[in-house]
Amino acid sequence: DYDVASTEYKYDGAFLSNGPGDPAMVPETVASVKSLLDGAEEDVKPVFGICMGNQLLGRAAGADTYKLPYGNRGQNQPAENMLTGACYITPQNHGFALDAKTLPEGWMELFRNKNDGSNEGIAHESKPFFSAQFHPEAKCGPTDTSFLFDVFVEAMEASKAKADFDLKASLVSHAPPLLDVPVPTVKKVLLLGSGGLSIGQAGEFDY
């Protein structure tokens, strides 16, 4: 219920942090985030959300969230960049997801999980609002998506200078360059070896 849209508080950008929790159970927080999105054009400040912050941003925009059957957890979840087609290896730990199909006009899916097709991030088509379901800030790595912080900083600098800012262009320019790697023609692989000691461990590590 923090009044983030009040002119009493001076800030260059709003960061929506991790959970845990069900975003549907914090309507006051969602309403607070919505007040940021609905501000006057000249008062718009960049908004960047991570993990539950992605779900809060989505619900504030008008989309729905749902509980995943098992949750996405571990250090090696593949997330596709819908702007470039690149796939990043990302650390994740969440049990809820945003339903990208319910995003209203003016919003787009930014990242998508290549395993189950669930949403991994959203972005506004014209305003500096974006998010990631995974953890680009994870100090243990991988660091494929740390460039998102550069985008956020650039958005805040542009906002403070009252300069134009193209979110899509910034997301593409700061992203790591695509590697020109030939696509293998292999169709079948026989894997010999031991599996994880338990389902939980298999979800967290590579064996």
# chains A, B, ... in the order shown; residues from 1 in each chain; ligands from 1
>>> residues_around(residues="Ala31 (chain A)", least_positions_apart="5", cutoff="12 Å", atoms="only C-alpha atoms", output="count of residues only")
19
>>> residues_around(residues="region 178-182 of chain A", least_positions_apart="5", cutoff="9 Å", atoms="only C-alpha atoms", output="list in words")
Thr84, Gly85 and Ala86 of chain A
>>> residues_around(residues="Phe134 (chain A)", least_positions_apart="2", cutoff="10 Å", atoms="only C-alpha atoms", output="MDAnalysis selection string")
chainID A and resid 18 50:52 54 72:73 75 77:79 89:94 111 113 119:121 131:132 136:138 145
>>> write_last_selection(atoms="C-alpha atoms", output="mmCIF file, in the first residue's frame")
data_model
loop_
_atom_site.group_PDB
_atom_site.id
_atom_site.type_symbol
_atom_site.label_atom_id
_atom_site.label_comp_id
_atom_site.auth_asym_id
_atom_site.auth_seq_id
_atom_site.Cartn_x
_atom_site.Cartn_y
_atom_site.Cartn_z
ATOM 1 C CA ASN A 18 11.594 -10.897 -6.100
ATOM 2 C CA ILE A 50 12.263 -9.429 -11.599
ATOM 3 C CA CYS A 51 10.650 -12.773 -10.663
ATOM 4 C CA MET A 52 7.503 -11.897 -8.695
ATOM 5 C CA ASN A 54 7.285 -9.724 -13.462
ATOM 6 C CA ASN A 72 10.480 -23.706 -12.652
ATOM 7 C CA ARG A 73 13.588 -24.009 -10.540
ATOM 8 C CA GLN A 75 20.341 -22.936 -12.710
ATOM 9 C CA GLN A 77 16.215 -22.910 -17.408
ATOM 10 C CA PRO A 78 16.201 -21.876 -21.106
ATOM 11 C CA ALA A 79 14.517 -18.530 -21.837
ATOM 12 C CA ILE A 89 20.443 -20.107 -19.740
ATOM 13 C CA THR A 90 18.806 -18.612 -16.662
ATOM 14 C CA PRO A 91 18.495 -19.324 -12.914
ATOM 15 C CA GLN A 92 14.898 -19.559 -11.706
ATOM 16 C CA ASN A 93 12.884 -20.337 -8.596
ATOM 17 C CA HIS A 94 9.176 -19.642 -8.933
ATOM 18 C CA PHE A 111 10.904 -13.829 -22.867
ATOM 19 C CA ASN A 113 10.532 -20.585 -21.357
ATOM 20 C CA ASN A 119 6.119 -16.550 -19.731
ATOM 21 C CA GLU A 120 9.570 -15.311 -18.711
ATOM 22 C CA GLY A 121 9.133 -11.554 -19.104
ATOM 23 C CA SER A 131 10.424 -7.382 -16.603
ATOM 24 C CA ALA A 132 12.047 -10.811 -16.368
ATOM 25 C CA PRO A 136 19.523 -11.742 -14.126
ATOM 26 C CA GLU A 137 20.972 -10.595 -10.801
ATOM 27 C CA ALA A 138 22.052 -14.094 -9.662
ATOM 28 C CA THR A 145 20.962 -11.629 -19.005
#
>>> select_by_dssp(residues="region 20-201 of chain A", states="strand (DSSP E or B)", output="PyMOL selection string")
chain A and resi 47-50+64-81+87-99+107-113+119-124+129-132
>>> residues_around(residues="Asp164 (chain A)", least_positions_apart="3", cutoff="12 Å", atoms="only C-alpha atoms", output="short mmCIF file (atom, residue, chain, number, x, y, z; two decimals) with C-alpha atoms, in the first residue's frame")
data_model
loop_
_atom_site.label_atom_id
_atom_site.label_comp_id
_atom_site.auth_asym_id
_atom_site.auth_seq_id
_atom_site.Cartn_x
_atom_site.Cartn_y
_atom_site.Cartn_z
CA GLU A 42 5.39 13.60 -18.67
CA VAL A 44 6.43 8.34 -16.59
CA SER A 126 6.09 2.26 -26.15
CA LYS A 127 6.83 3.01 -22.47
CA PRO A 128 9.91 2.02 -20.40
CA GLU A 154 19.80 3.77 -19.76
CA ALA A 155 16.03 4.18 -19.41
CA MET A 156 16.43 6.10 -16.14
CA GLU A 157 19.10 8.35 -17.61
CA ALA A 158 16.86 9.15 -20.58
CA SER A 159 13.89 9.81 -18.30
CA LYS A 160 15.90 12.12 -16.07
CA ALA A 161 17.18 14.05 -19.11
CA LEU A 167 12.88 0.27 -25.06
CA ALA A 169 15.99 -0.83 -29.47
CA SER A 170 17.79 -0.69 -26.11
#
>>> closest_residue(among="A:Lys101, A:His124, A:Lys188, A:Lys168", to="Asn81 (chain A)", atoms="only C-alpha atoms")
A:Lys168
>>> closest_residue(among="A:Asp99, A:Asp166, A:Asp150, A:Asp12", to="Gly117 (chain A)", atoms="only C-alpha atoms")
A:Asp99
>>> atom_distance(atom1="CA of Ala40 (chain A)", atom2="CA of Ala14 (chain A)")
15.5 Å
>>> residues_around(residues="Pro69 (chain A)", least_positions_apart="3", cutoff="12 Å", atoms="only C-alpha atoms", output="list in words")
Tyr66, Asn72, His94, Gly95, Phe96, Ala97, Asp116 and Ser118 of chain A
>>> select_by_dssp(residues="region 33-140 of chain A", states="helix (DSSP H, G or I)", output="MDAnalysis selection string")
chainID A and resid 33:37 41:43 52:61 100:102
>>> closest_residue(among="A:Lys45, A:Val33, A:Phe147, A:Gly193", to="Phe165 (chain A)", atoms="only C-alpha atoms")
A:Lys45
>>> closest_residue(among="A:Pro104, A:Pro184, A:Gly53, A:Gly13", to="His135 (chain A)", atoms="only C-alpha atoms")
A:Gly53
>>> closest_residue(among="A:Leu110, A:Val189, A:Ala63, A:Leu98", to="Leu171 (chain A)", atoms="only C-alpha atoms")
A:Leu110
